[in-house]
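**Q** final-v2.cif (mmCIF, C-alpha atoms) pasted underneath:
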data_start
#
loop_
_atom_site.label_atom_id
_atom_site.label_comp_id
_atom_site.auth_asym_id
_atom_site.auth_seq_id
_atom_site.Cartn_x
_atom_site.Cartn_y
_atom_site.Cartn_z
CA MET A 195 -2.37 -44.31 -23.93
CA THR A 196 -2.96 -47.45 -21.94
CA LEU A 197 -5.50 -47.85 -19.20
CA ARG A 198 -2.77 -48.01 -16.58
CA MET A 199 -1.30 -44.69 -17.77
CA ARG A 200 -4.72 -43.03 -17.74
CA LEU A 201 -5.36 -44.28 -14.22
CA ALA A 202 -1.96 -43.00 -13.06
CA LEU A 203 -2.66 -39.60 -14.64
CA LEU A 204 -6.07 -39.42 -12.97
CA VAL A 205 -4.62 -40.32 -9.56
CA GLY A 206 -1.82 -37.76 -10.04
CA VAL A 207 -4.28 -34.99 -10.86
CA PHE A 208 -6.43 -35.93 -7.87
CA VAL A 209 -3.42 -35.90 -5.53
CA LEU A 210 -2.45 -32.41 -6.75
CA VAL A 211 -5.93 -30.85 -6.88
CA ALA A 212 -7.61 -32.35 -3.80
CA PRO A 213 -5.48 -30.52 -1.17
CA ALA A 214 -6.03 -27.18 -2.91
CA VAL A 215 -9.79 -27.69 -3.00
CA ALA A 216 -9.84 -28.77 0.65
CA ALA A 217 -7.72 -25.78 1.70
CA ALA A 218 -9.97 -23.35 -0.21
CA ALA A 219 -13.03 -24.79 1.50
CA ASP A 220 -11.69 -24.17 5.01
CA LEU A 221 -10.26 -20.64 5.26
CA ASN A 222 -9.58 -18.67 8.41
CA CYS A 223 -8.41 -15.14 9.18
CA ALA A 224 -4.72 -15.99 8.90
CA ASP A 225 -5.26 -17.10 5.29
CA PHE A 226 -6.32 -13.58 4.30
CA GLY A 227 -3.56 -11.60 6.02
CA THR A 228 -5.51 -8.35 6.44
CA ARG A 229 -8.96 -7.33 7.59
CA GLU A 230 -9.73 -5.73 4.25
CA ARG A 231 -9.18 -8.96 2.30
CA ALA A 232 -11.30 -10.97 4.72
CA GLN A 233 -14.06 -8.34 4.62
CA HIS A 234 -13.96 -8.41 0.82
CA GLU A 235 -14.49 -12.19 0.93
CA ILE A 236 -17.62 -11.78 3.07
CA ASP A 237 -18.93 -8.89 0.98
CA SER A 238 -18.38 -10.66 -2.34
CA ALA A 239 -19.91 -13.94 -1.14
CA GLY A 240 -22.88 -12.20 0.48
CA ARG A 241 -22.52 -14.35 3.59
CA ASP A 242 -19.87 -15.47 6.06
CA ARG A 243 -19.25 -18.98 4.76
CA HIS A 244 -15.83 -19.29 6.47
CA ASN A 245 -16.93 -17.91 9.88
CA LEU A 246 -14.57 -14.94 9.59
CA ASP A 247 -16.86 -12.72 11.66
CA GLY A 248 -16.85 -14.58 14.97
CA ASP A 249 -18.86 -12.00 16.95
CA ALA A 250 -21.37 -11.35 14.10
CA ASP A 251 -20.92 -7.57 14.15
CA GLY A 252 -20.40 -7.33 10.37
CA ARG A 253 -16.62 -6.79 10.56
CA ALA A 254 -14.37 -9.69 9.59
CA CYS A 255 -11.14 -10.71 11.30
CA GLU A 256 -10.88 -7.81 13.73
CA GLY A 257 -7.68 -9.26 15.17
CA ASN A 258 -5.89 -9.08 11.82
CA PRO A 259 -3.77 -6.02 11.07
CA SER A 260 -4.94 -3.45 8.58
CA THR A 261 -3.12 -2.18 5.53
CA GLY A 262 -4.49 1.33 5.86
CA TRP A 263 -2.45 3.24 8.44
CA ILE A 264 1.27 3.02 7.94
CA PRO A 265 1.62 3.31 4.14
CA TRP A 266 0.07 6.79 3.79
CA PRO A 267 2.49 8.88 5.89
CA VAL A 268 5.39 6.77 4.67
CA ALA A 269 4.28 7.46 1.09
CA GLY A 270 4.25 11.21 1.78
CA ILE A 271 7.77 11.06 3.19
CA ALA A 272 8.92 8.88 0.29
CA LEU A 273 7.54 11.39 -2.24
CA VAL A 274 9.43 14.24 -0.59
CA ALA A 275 12.62 12.17 -0.43
CA GLY A 276 12.18 11.11 -4.06
CA ARG A 277 11.74 14.73 -5.10
CA TYR A 278 14.96 15.68 -3.29
CA ILE A 279 16.90 12.73 -4.75
CA ALA A 280 15.69 13.52 -8.27
CA ARG A 281 16.75 17.15 -7.95
CA ARG A 282 20.15 16.06 -6.65
CA THR A 283 20.59 13.53 -9.44
CA LYS A 284 19.82 16.13 -12.09
CA ALA A 285 22.38 18.46 -10.47
CA ASP A 286 19.71 21.13 -10.15
CA TYR A 287 21.46 24.49 -9.75
CA ARG A 288 18.68 25.64 -7.45
CA LEU A 289 19.36 22.88 -4.88
CA VAL A 290 20.24 24.09 -1.40
CA PRO A 291 23.06 21.92 -0.03
CA GLY A 292 22.48 19.63 2.93
CA VAL A 293 19.27 18.61 4.66
CA GLU A 294 17.79 22.07 4.12
CA GLY A 295 17.53 21.19 0.42
CA VAL A 296 14.55 18.98 1.31
CA TRP A 297 12.32 21.98 2.07
CA ALA A 298 14.06 24.90 0.33
CA TYR A 299 15.54 25.83 -3.02
CA TYR A 300 17.37 28.81 -4.49
CA ASP A 301 15.52 31.26 -6.74
CA PHE A 302 17.25 33.74 -9.04
CA PRO A 303 14.70 36.51 -9.69
CA ASP A 304 17.32 39.04 -10.93
CA ASP A 305 20.78 38.63 -12.30
CA ASP A 306 22.46 39.68 -9.08
CA ALA A 307 20.01 38.37 -6.47
CA VAL A 308 19.72 34.91 -4.96
CA THR A 309 16.80 34.08 -2.69
CA LYS A 310 16.23 30.97 -0.63
CA VAL A 311 12.58 29.93 -1.10
CA PHE A 312 10.47 27.47 0.88
CA ASP A 313 9.32 24.59 -1.37
CA ARG A 314 5.52 24.54 -1.07
CA ALA A 315 5.28 21.03 -2.53
CA VAL A 316 6.81 19.53 0.63
CA PRO A 317 3.90 20.30 3.01
CA VAL A 318 1.41 19.35 0.29
CA LEU A 319 3.00 15.92 -0.13
CA LEU A 320 3.35 15.34 3.61
CA GLY A 321 -0.15 16.69 4.27
CA ALA A 322 -1.63 14.35 1.68
CA GLY A 323 -0.19 11.41 3.59
CA VAL A 324 -1.49 12.64 6.95
CA LEU A 325 -4.93 13.68 5.65
CA ALA A 326 -5.37 10.31 3.98
CA LEU A 327 -5.34 8.58 7.39
CA PRO A 328 -8.92 9.43 8.45
CA LEU A 329 -10.17 8.83 4.91
CA VAL A 330 -8.68 5.35 4.90
CA ASP A 331 -10.25 4.67 8.27
CA LEU A 332 -13.68 5.74 6.99
CA VAL A 333 -13.42 3.69 3.83
CA ARG A 334 -12.03 0.64 5.62
CA ASP A 335 -14.74 0.46 8.25
#
Mind turning this structure into structure tokens?

**A**
Amino acid sequence: MTLRMRLALLVGVFVLVAPAVAAAADLNCADFGTRERAQHEIDSAGRDRHNLDGDADGRACEGNPSTGWIPWPVAGIALVAGRYIARRTKADYRLVPGVEGVWAYYDFPDDDAVTKVFDRAVPVLLGAGVLALPLVDLVRD
């Protein structure tokens, strides 16, 4: 490899690496996306080297949105919907037709009897999503 080729390679590497190093050195709240990520940066570094906590109250990027609120109830609803879709896909003979099949199913205790039963897993799954909200708030802050 000639000297000219080595010099061109060195300049090329510098041109590619220098902007990334400069960008990493000067981060702001928008670079992290959420409060949790910015707070993790401060906690892992042991100091606020990027001035993410402007009012020095120990909480980084308070204007950034959080990831903690919306996903939990949506996850509870998605679990219930997934349970219903899976039962429908398997052609479960106990499935109650229509929307009522989300919270009820048929039970056949005797040969001649058919009973509509409330599915107790539905409030458990939905309740887990709702009860997770205060827990996420405690852990986040």

**Q** So which one's closest to Val316 of chain A, A:Ile271, A:Val293, A:Cys255, A:Ala280? Using only C-alpha atoms, please.

**A** A:Ile271

**Q** Would you list the contacts of Asp251 of chain A as a PyMOL selection string, taking every protein, DNA or RNA residue within 12 Å and counting all atoms listed in the file, but skipping same-chain residues closer than 4 positions in sequence?

**A** chain A and resi 233+242+245-247+255-256+335

**Q** Run through the PyMOL selection byres ((chain A and resi 310) around 12) on the given coordinates and return the selected residues as a list in words.

**A**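 That expression, the PyMOL selection byres ((chain A and resi 310) around 12), corresponds here to Arg288, Leu289, Val290, Pro291, Glu294, Gly295, Trp297, Ala298, Tyr299, Tyr300, Asp301, Phe302, Pro303, Ala307, Val308, Thr309, Val311, Phe312 and Asp313 of chain A.
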
**Q** For the provided coordinates, the residues matched by the PyMOL selection byres ((chain A and resi 231) around 12) should be stated as a compact mmCIF listing (two decimals) with C-alpha atoms, in the frame of the given file.

**A**
# COMPACT_ATOMS: atom_id res chain seq x y z
CA ASN A 222 -9.58 -18.67 8.41
CA CYS A 223 -8.41 -15.14 9.18
CA ALA A 224 -4.72 -15.99 8.90
CA ASP A 225 -5.26 -17.10 5.29
CA PHE A 226 -6.32 -13.58 4.30
CA GLY A 227 -3.56 -11.60 6.02
CA THR A 228 -5.51 -8.35 6.44
CA ARG A 229 -8.96 -7.33 7.59
CA GLU A 230 -9.73 -5.73 4.25
CA ALA A 232 -11.30 -10.97 4.72
CA GLN A 233 -14.06 -8.34 4.62
CA HIS A 234 -13.96 -8.41 0.82
CA GLU A 235 -14.49 -12.19 0.93
CA ILE A 236 -17.62 -11.78 3.07
CA ASP A 237 -18.93 -8.89 0.98
CA SER A 238 -18.38 -10.66 -2.34
CA LEU A 246 -14.57 -14.94 9.59
CA ARG A 253 -16.62 -6.79 10.56
CA ALA A 254 -14.37 -9.69 9.59
CA CYS A 255 -11.14 -10.71 11.30
CA GLU A 256 -10.88 -7.81 13.73
CA ASN A 258 -5.89 -9.08 11.82
CA PRO A 259 -3.77 -6.02 11.07
CA SER A 260 -4.94 -3.45 8.58
CA THR A 261 -3.12 -2.18 5.53
CA GLY A 262 -4.49 1.33 5.86
CA ARG A 334 -12.03 0.64 5.62

**Q** Quick one, how far is atom CA of Val274 of chain A from atom CA of Asp304 of chain A?

**A**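 Result for atom CA of Val274 of chain A versus atom CA of Asp304 of chain A: 28.0 Å, one decimal.
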
**Q** Got a sec: who's within 7 Å of Gly323 of chain A, counting only C-alpha atoms, leaving out chain neighbours fewer than 6 positions off, as a PyMOL selection string?

**A** chain A and resi 266-267+269-270

**Q** Measure the distance from atom CA of Val318 of chain A to atom CA of Leu273 of chain A in Å and round it to one decimal.

**A**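 Interatomic distance here is 10.4 Å.
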
**Q** Counting only C-alpha atoms, figure out which residue out of A:Leu204, A:Pro265, A:Arg243, A:Arg198 gets nearest to Ala322 of chain A.

**A**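 The shortest atom-to-atom distance to Ala322 of chain A comes from A:Pro265.
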
**Q** How far is it from atom CA of Ala272 of chain A to atom CA of Asp286 of chain A, in Å with one decimal?

**A**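 Separating atom CA of Ala272 of chain A from atom CA of Asp286 of chain A is a distance of 19.4 Å.
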
**Q** Check the smallest atom-to-atom distance from each of A:Leu197, A:Ala315, A:Leu221, A:Val205 to His244 of chain A using only C-alpha atoms, then report the winner.

**A**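 Among A:Leu197, A:Ala315, A:Leu221, A:Val205, it is A:Leu221 that comes nearest to His244 of chain A.
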